[in-house]
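This is work-v1.txt. It holds compact mmCIF, N, CA and C atoms.
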```
# COMPACT_ATOMS: atom_id res chain seq x y z
N MET A 1 24.51 55.47 6.07
CA MET A 1 24.97 55.54 4.70
C MET A 1 25.78 54.31 4.32
N ASN A 2 26.64 53.83 5.21
CA ASN A 2 27.45 52.66 4.91
C ASN A 2 26.59 51.42 4.73
N ARG A 3 25.54 51.30 5.53
CA ARG A 3 24.64 50.14 5.41
C ARG A 3 23.95 50.14 4.05
N ARG A 4 23.53 51.30 3.59
CA ARG A 4 22.86 51.42 2.29
C ARG A 4 23.82 51.01 1.16
N HIS A 5 25.07 51.41 1.23
CA HIS A 5 26.07 51.04 0.22
C HIS A 5 26.32 49.54 0.25
N PHE A 6 26.38 48.97 1.46
CA PHE A 6 26.60 47.53 1.59
C PHE A 6 25.45 46.74 0.97
N ILE A 7 24.21 47.14 1.26
CA ILE A 7 23.05 46.44 0.70
C ILE A 7 23.03 46.56 -0.82
N THR A 8 23.33 47.71 -1.35
CA THR A 8 23.38 47.91 -2.81
C THR A 8 24.46 47.05 -3.43
N ALA A 9 25.64 47.02 -2.83
CA ALA A 9 26.74 46.23 -3.37
C ALA A 9 26.42 44.74 -3.28
N ALA A 10 25.84 44.31 -2.18
CA ALA A 10 25.49 42.90 -2.02
C ALA A 10 24.41 42.50 -3.03
N SER A 11 23.45 43.37 -3.26
CA SER A 11 22.40 43.09 -4.25
C SER A 11 22.97 43.01 -5.65
N ALA A 12 23.86 43.92 -5.98
CA ALA A 12 24.48 43.90 -7.30
C ALA A 12 25.31 42.64 -7.51
N THR A 13 26.03 42.23 -6.48
CA THR A 13 26.84 41.00 -6.56
C THR A 13 25.95 39.78 -6.74
N THR A 14 24.87 39.72 -5.99
CA THR A 14 23.94 38.59 -6.10
C THR A 14 23.34 38.52 -7.49
N LEU A 15 22.93 39.65 -8.04
CA LEU A 15 22.37 39.68 -9.40
C LEU A 15 23.40 39.25 -10.43
N ALA A 16 24.64 39.67 -10.26
CA ALA A 16 25.70 39.27 -11.20
C ALA A 16 25.93 37.77 -11.15
N ILE A 17 25.91 37.20 -9.95
CA ILE A 17 26.10 35.75 -9.82
C ILE A 17 24.94 35.01 -10.45
N LEU A 18 23.72 35.45 -10.17
CA LEU A 18 22.55 34.78 -10.73
C LEU A 18 22.49 34.91 -12.24
N ALA A 19 22.92 36.02 -12.78
CA ALA A 19 22.91 36.21 -14.23
C ALA A 19 23.89 35.27 -14.91
N GLY A 20 24.95 34.89 -14.22
CA GLY A 20 25.93 33.98 -14.80
C GLY A 20 25.55 32.52 -14.70
N CYS A 21 24.52 32.19 -13.94
CA CYS A 21 24.10 30.80 -13.79
C CYS A 21 23.33 30.33 -15.02
N LYS A 22 23.56 29.10 -15.39
CA LYS A 22 22.85 28.51 -16.52
C LYS A 22 21.47 28.07 -16.07
N THR A 23 20.51 28.15 -16.99
CA THR A 23 19.16 27.72 -16.65
C THR A 23 18.94 26.26 -17.00
N GLU A 24 19.80 25.68 -17.82
CA GLU A 24 19.67 24.27 -18.18
C GLU A 24 21.05 23.63 -18.22
N PRO A 25 21.14 22.34 -17.94
CA PRO A 25 22.43 21.66 -18.00
C PRO A 25 22.99 21.69 -19.43
N SER A 26 24.27 21.57 -19.54
CA SER A 26 24.96 21.60 -20.82
C SER A 26 24.42 20.52 -21.77
N GLY A 27 24.06 20.93 -22.97
CA GLY A 27 23.64 19.99 -24.00
C GLY A 27 22.18 19.60 -24.01
N GLU A 28 21.38 20.16 -23.12
CA GLU A 28 19.96 19.78 -23.06
C GLU A 28 19.24 20.07 -24.37
N LYS A 29 19.69 21.05 -25.12
CA LYS A 29 19.02 21.40 -26.38
C LYS A 29 19.14 20.29 -27.43
N PHE A 30 20.11 19.40 -27.29
CA PHE A 30 20.27 18.29 -28.24
C PHE A 30 19.32 17.14 -27.95
N ILE A 31 18.89 17.01 -26.71
CA ILE A 31 18.06 15.88 -26.30
C ILE A 31 16.70 15.93 -26.99
N GLY A 32 16.33 14.79 -27.56
CA GLY A 32 15.02 14.71 -28.20
C GLY A 32 15.04 13.83 -29.43
N TYR A 33 14.01 14.00 -30.25
CA TYR A 33 13.82 13.21 -31.46
C TYR A 33 13.97 14.13 -32.65
N TRP A 34 14.66 13.63 -33.69
CA TRP A 34 14.98 14.45 -34.85
C TRP A 34 14.64 13.71 -36.13
N PHE A 35 14.26 14.45 -37.16
CA PHE A 35 13.80 13.90 -38.44
C PHE A 35 14.59 14.55 -39.56
N SER A 36 15.22 13.74 -40.40
CA SER A 36 15.99 14.25 -41.53
C SER A 36 15.48 13.61 -42.81
N ASP A 37 14.93 14.42 -43.69
CA ASP A 37 14.38 13.90 -44.95
C ASP A 37 15.21 14.47 -46.09
N ASN A 38 16.01 13.60 -46.72
CA ASN A 38 16.84 14.07 -47.83
C ASN A 38 16.12 13.95 -49.17
N GLY A 39 14.90 13.43 -49.18
CA GLY A 39 14.10 13.39 -50.38
C GLY A 39 14.25 12.17 -51.25
N ARG A 40 15.33 11.40 -51.12
CA ARG A 40 15.55 10.25 -51.99
C ARG A 40 15.18 8.93 -51.35
N TYR A 41 15.36 8.80 -50.08
CA TYR A 41 15.12 7.55 -49.37
C TYR A 41 14.15 7.82 -48.23
N PRO A 42 13.66 6.78 -47.57
CA PRO A 42 12.90 7.06 -46.35
C PRO A 42 13.75 7.89 -45.39
N PRO A 43 13.11 8.68 -44.56
CA PRO A 43 13.86 9.62 -43.71
C PRO A 43 14.78 8.93 -42.70
N THR A 44 15.80 9.64 -42.31
CA THR A 44 16.68 9.21 -41.24
C THR A 44 16.15 9.81 -39.95
N LEU A 45 16.11 9.00 -38.90
CA LEU A 45 15.60 9.45 -37.62
C LEU A 45 16.73 9.40 -36.59
N VAL A 46 16.75 10.37 -35.69
CA VAL A 46 17.79 10.45 -34.67
C VAL A 46 17.12 10.63 -33.31
N HIS A 47 17.63 9.91 -32.33
CA HIS A 47 17.18 10.07 -30.95
C HIS A 47 18.42 10.33 -30.12
N ILE A 48 18.42 11.45 -29.40
CA ILE A 48 19.54 11.80 -28.53
C ILE A 48 19.02 11.85 -27.11
N GLU A 49 19.69 11.10 -26.22
CA GLU A 49 19.28 11.06 -24.83
C GLU A 49 20.50 11.16 -23.93
N ARG A 50 20.28 11.58 -22.71
CA ARG A 50 21.37 11.70 -21.75
C ARG A 50 21.79 10.31 -21.30
N ASN A 51 23.10 10.13 -21.11
CA ASN A 51 23.68 8.87 -20.65
C ASN A 51 24.72 9.22 -19.60
N GLY A 52 24.26 9.50 -18.38
CA GLY A 52 25.17 9.98 -17.34
C GLY A 52 25.59 11.40 -17.65
N ASP A 53 26.90 11.65 -17.72
CA ASP A 53 27.40 12.98 -18.06
C ASP A 53 27.52 13.19 -19.56
N SER A 54 27.36 12.12 -20.33
CA SER A 54 27.46 12.23 -21.79
C SER A 54 26.08 11.97 -22.40
N PHE A 55 26.07 11.62 -23.68
CA PHE A 55 24.83 11.40 -24.40
C PHE A 55 24.90 10.09 -25.17
N LEU A 56 23.75 9.58 -25.56
CA LEU A 56 23.65 8.42 -26.43
C LEU A 56 22.96 8.89 -27.70
N PHE A 57 23.66 8.78 -28.82
CA PHE A 57 23.18 9.24 -30.12
C PHE A 57 22.74 8.01 -30.91
N THR A 58 21.45 7.87 -31.17
CA THR A 58 20.92 6.72 -31.90
C THR A 58 20.40 7.19 -33.25
N GLU A 59 21.00 6.67 -34.31
CA GLU A 59 20.57 6.99 -35.67
C GLU A 59 19.83 5.78 -36.23
N THR A 60 18.63 6.02 -36.73
CA THR A 60 17.82 4.97 -37.32
C THR A 60 17.62 5.32 -38.78
N ALA A 61 18.16 4.47 -39.66
CA ALA A 61 18.12 4.74 -41.10
C ALA A 61 17.60 3.51 -41.84
N TRP A 62 17.11 3.74 -43.03
CA TRP A 62 16.58 2.67 -43.86
C TRP A 62 17.72 1.81 -44.39
N ASN A 63 17.52 0.49 -44.37
CA ASN A 63 18.53 -0.45 -44.85
C ASN A 63 17.88 -1.35 -45.89
N ASN A 64 18.44 -1.39 -47.09
CA ASN A 64 17.92 -2.24 -48.16
C ASN A 64 18.62 -3.59 -48.25
N LEU A 65 19.70 -3.78 -47.52
CA LEU A 65 20.44 -5.03 -47.57
C LEU A 65 19.80 -6.07 -46.67
N GLY A 66 19.67 -7.29 -47.17
CA GLY A 66 19.05 -8.35 -46.37
C GLY A 66 17.57 -8.05 -46.21
N LYS A 67 17.12 -8.08 -45.00
CA LYS A 67 15.73 -7.75 -44.71
C LYS A 67 15.58 -6.23 -44.70
N ALA A 68 14.83 -5.70 -45.65
CA ALA A 68 14.65 -4.25 -45.76
C ALA A 68 13.89 -3.72 -44.56
N GLY A 69 14.30 -2.55 -44.12
CA GLY A 69 13.62 -1.90 -43.00
C GLY A 69 14.58 -0.99 -42.26
N TYR A 70 14.08 -0.35 -41.24
CA TYR A 70 14.91 0.54 -40.44
C TYR A 70 15.86 -0.24 -39.55
N ARG A 71 17.10 0.25 -39.44
CA ARG A 71 18.12 -0.31 -38.55
C ARG A 71 18.66 0.82 -37.69
N SER A 72 18.86 0.54 -36.43
CA SER A 72 19.35 1.55 -35.50
C SER A 72 20.77 1.25 -35.07
N ASN A 73 21.56 2.29 -34.94
CA ASN A 73 22.92 2.20 -34.41
C ASN A 73 23.07 3.29 -33.35
N SER A 74 23.60 2.90 -32.20
CA SER A 74 23.80 3.86 -31.10
C SER A 74 25.28 4.01 -30.81
N VAL A 75 25.70 5.24 -30.59
CA VAL A 75 27.09 5.54 -30.25
C VAL A 75 27.10 6.62 -29.17
N PRO A 76 28.17 6.69 -28.39
CA PRO A 76 28.26 7.75 -27.37
C PRO A 76 28.56 9.10 -28.02
N ALA A 77 28.16 10.15 -27.33
CA ALA A 77 28.41 11.51 -27.79
C ALA A 77 28.69 12.40 -26.59
N THR A 78 29.49 13.44 -26.81
CA THR A 78 29.83 14.37 -25.75
C THR A 78 29.74 15.80 -26.27
N ILE A 79 29.58 16.74 -25.35
CA ILE A 79 29.56 18.15 -25.71
C ILE A 79 30.99 18.63 -25.86
N LYS A 80 31.25 19.37 -26.92
CA LYS A 80 32.56 19.96 -27.14
C LYS A 80 32.66 21.23 -26.29
N ASP A 81 33.80 21.88 -26.31
CA ASP A 81 34.00 23.11 -25.54
C ASP A 81 32.88 24.12 -25.81
N SER A 82 32.51 24.24 -27.06
CA SER A 82 31.38 25.09 -27.42
C SER A 82 30.10 24.30 -27.14
N GLU A 83 29.14 24.88 -26.47
CA GLU A 83 27.94 24.14 -26.09
C GLU A 83 27.01 23.89 -27.26
N ASN A 84 27.32 24.40 -28.44
CA ASN A 84 26.47 24.15 -29.61
C ASN A 84 27.03 23.04 -30.49
N ILE A 85 28.05 22.33 -30.03
CA ILE A 85 28.64 21.24 -30.81
C ILE A 85 28.59 19.95 -30.00
N LEU A 86 28.01 18.91 -30.62
CA LEU A 86 27.97 17.58 -30.03
C LEU A 86 28.91 16.69 -30.84
N VAL A 87 29.89 16.08 -30.19
CA VAL A 87 30.84 15.21 -30.86
C VAL A 87 30.31 13.77 -30.74
N VAL A 88 30.02 13.17 -31.90
CA VAL A 88 29.42 11.85 -31.96
C VAL A 88 30.50 10.82 -32.30
N ALA A 89 30.65 9.81 -31.48
CA ALA A 89 31.62 8.72 -31.68
C ALA A 89 33.04 9.25 -31.88
N ASP A 90 33.38 10.30 -31.17
CA ASP A 90 34.72 10.91 -31.22
C ASP A 90 35.16 11.35 -32.61
N SER A 91 34.24 11.46 -33.57
CA SER A 91 34.66 11.89 -34.91
C SER A 91 33.70 12.90 -35.53
N ALA A 92 32.44 12.59 -35.64
CA ALA A 92 31.48 13.49 -36.29
C ALA A 92 31.06 14.60 -35.33
N GLN A 93 30.88 15.78 -35.88
CA GLN A 93 30.43 16.91 -35.08
C GLN A 93 29.06 17.35 -35.56
N VAL A 94 28.14 17.47 -34.63
CA VAL A 94 26.78 17.90 -34.92
C VAL A 94 26.55 19.23 -34.22
N ALA A 95 26.11 20.23 -34.97
CA ALA A 95 25.87 21.56 -34.42
C ALA A 95 24.37 21.78 -34.23
N TYR A 96 24.04 22.59 -33.25
CA TYR A 96 22.65 22.95 -33.00
C TYR A 96 22.42 24.38 -33.48
N ARG A 97 21.38 24.56 -34.32
CA ARG A 97 21.01 25.89 -34.80
C ARG A 97 19.74 26.32 -34.07
N GLU A 98 19.90 27.28 -33.16
CA GLU A 98 18.76 27.72 -32.35
C GLU A 98 17.66 28.37 -33.18
N ALA A 99 18.02 29.15 -34.16
CA ALA A 99 17.03 29.89 -34.94
C ALA A 99 16.02 28.95 -35.61
N ASP A 100 16.49 27.78 -36.07
CA ASP A 100 15.63 26.83 -36.78
C ASP A 100 15.25 25.63 -35.93
N ASP A 101 15.80 25.50 -34.72
CA ASP A 101 15.66 24.31 -33.87
C ASP A 101 16.00 23.07 -34.68
N GLN A 102 17.21 23.08 -35.26
CA GLN A 102 17.70 21.98 -36.08
C GLN A 102 19.09 21.56 -35.62
N ILE A 103 19.44 20.29 -35.94
CA ILE A 103 20.81 19.85 -35.78
C ILE A 103 21.38 19.62 -37.18
N VAL A 104 22.63 19.99 -37.38
CA VAL A 104 23.25 19.87 -38.69
C VAL A 104 24.67 19.35 -38.56
N SER A 105 25.09 18.61 -39.59
CA SER A 105 26.47 18.15 -39.71
C SER A 105 26.77 18.08 -41.20
N ASP A 106 27.91 17.49 -41.55
CA ASP A 106 28.26 17.36 -42.97
C ASP A 106 27.23 16.52 -43.72
N SER A 107 26.67 15.51 -43.07
CA SER A 107 25.77 14.59 -43.76
C SER A 107 24.35 14.57 -43.19
N LEU A 108 24.03 15.50 -42.31
CA LEU A 108 22.73 15.46 -41.63
C LEU A 108 22.18 16.87 -41.43
N LYS A 109 20.91 17.02 -41.72
CA LYS A 109 20.17 18.25 -41.39
C LYS A 109 18.81 17.77 -40.91
N ALA A 110 18.55 17.91 -39.61
CA ALA A 110 17.34 17.33 -39.02
C ALA A 110 16.59 18.36 -38.20
N ARG A 111 15.26 18.24 -38.24
CA ARG A 111 14.39 19.11 -37.45
C ARG A 111 13.82 18.29 -36.28
N ARG A 112 13.45 18.98 -35.22
CA ARG A 112 12.92 18.32 -34.03
C ARG A 112 11.50 17.82 -34.29
N ILE A 113 11.19 16.61 -33.80
CA ILE A 113 9.85 16.05 -33.88
C ILE A 113 9.46 15.50 -32.52
N THR A 114 8.21 15.10 -32.38
CA THR A 114 7.75 14.53 -31.11
C THR A 114 8.07 13.04 -31.08
N GLU A 115 7.97 12.45 -29.90
CA GLU A 115 8.21 11.02 -29.77
C GLU A 115 7.17 10.23 -30.56
N ALA A 116 5.92 10.70 -30.58
CA ALA A 116 4.86 10.01 -31.33
C ALA A 116 5.16 10.02 -32.83
N GLU A 117 5.66 11.13 -33.35
CA GLU A 117 6.03 11.20 -34.78
C GLU A 117 7.20 10.26 -35.06
N TYR A 118 8.14 10.19 -34.14
CA TYR A 118 9.30 9.31 -34.27
C TYR A 118 8.85 7.85 -34.34
N GLN A 119 8.00 7.45 -33.40
CA GLN A 119 7.53 6.06 -33.36
C GLN A 119 6.71 5.73 -34.61
N ALA A 120 5.89 6.67 -35.09
CA ALA A 120 5.09 6.44 -36.28
C ALA A 120 5.99 6.27 -37.51
N ALA A 121 7.04 7.06 -37.62
CA ALA A 121 7.94 6.95 -38.77
C ALA A 121 8.71 5.65 -38.75
N ILE A 122 9.13 5.17 -37.59
CA ILE A 122 9.87 3.91 -37.49
C ILE A 122 8.97 2.72 -37.84
N SER A 123 7.71 2.81 -37.47
CA SER A 123 6.81 1.67 -37.68
C SER A 123 6.36 1.54 -39.14
N ARG A 124 6.59 2.56 -39.96
CA ARG A 124 6.25 2.45 -41.39
C ARG A 124 7.20 1.50 -42.08
N LYS A 125 6.70 0.79 -43.06
CA LYS A 125 7.56 -0.14 -43.80
C LYS A 125 7.57 0.19 -45.26
```

When written as structure tokens, how does the structure in this file appear?
Amino acid sequence: MNRRHFITAASATTLAILAGCKTEPSGEKFIGYWFSDNGRYPPTLVHIERNGDSFLFTETAWNNLGKAGYRSNSVPATIKDSENILVVADSAQVAYREADDQIVSDSLKARRITEAEYQAAISRK
């Protein structure tokens, strides 16, 4: 009887430990290519990639000054205490909405796209 209780308790403990384990590293849902179309200008494109323990947030937006075309700016980003918030350049906060697979902030609402769609949009003039 004692052996049966031990096996049951050990199994329950193992299941509890496994249930608490994450299936993906923190912030993996942010990684990828994003498309934001505000309707007035050519779309803004975002690429988020891992950079060691943090992330590299690259925003590519249309620039009309000088030579017109897309210009890219990259800044570091980190995950905030809440895993659904990415802090970009220590100031802007970008949230991930799982229901829509979108990232949103005060000035950005973007949906996920493929790398091929991203490259095609950047190459347009």

**Item:** Shell around range 99-101 of chain A at 6 Å using only N, CA and C atoms, local window under 4 positions removed, as an MDAnalysis selection string
**Value:** chainID A and resid 110:112

**Message:** Report, in Å with one decimal, the straight-line distance from CA of Ala77 in chain A to CA of Phe55 in chain A.
**Reply:** 4.9 Å

**Request:** To one decimal in Å, tell me the separation between CA of Arg124 in chain A and CA of Gly69 in chain A.
**Result:** 8.7 Å

**Request:** Can you work out the spacing between CA of Phe30 in chain A and atom N of Lys80 in chain A in Å, to one decimal?
**Result:** 11.1 Å

**Request:** Could you check which of A:Ala121, A:Gly66, A:Gly27, A:Phe35 is closest to Ile103 in chain A, using all atoms listed in the file?
**Result:**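 Of A:Ala121, A:Gly66, A:Gly27, A:Phe35, the one nearest Ile103 in chain A is A:Phe35, counting all atoms listed in the file.
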
**Item:** Who sits within 8 Å of Asp37 in chain A, all atoms listed in the file, same chain under 5 positions skipped, as a ChimeraX atom specification
**Value:** /A:42-45,108-111

**Asked** Please, which residues are within 9 Å of (31.6, 12.5, -24.9) by the file's coordinates, counting only C-alpha atoms, and could they come as a PyMOL selection string?
**Response** chain A and resi 53-55+76-80+86-90

**Prompt:** At most 8 Å from (23.9, 0.9, -32.1), file frame, only C-alpha atoms: which residues, as a ChimeraX atom specification?
**Reply:** /A:58-59,72-75
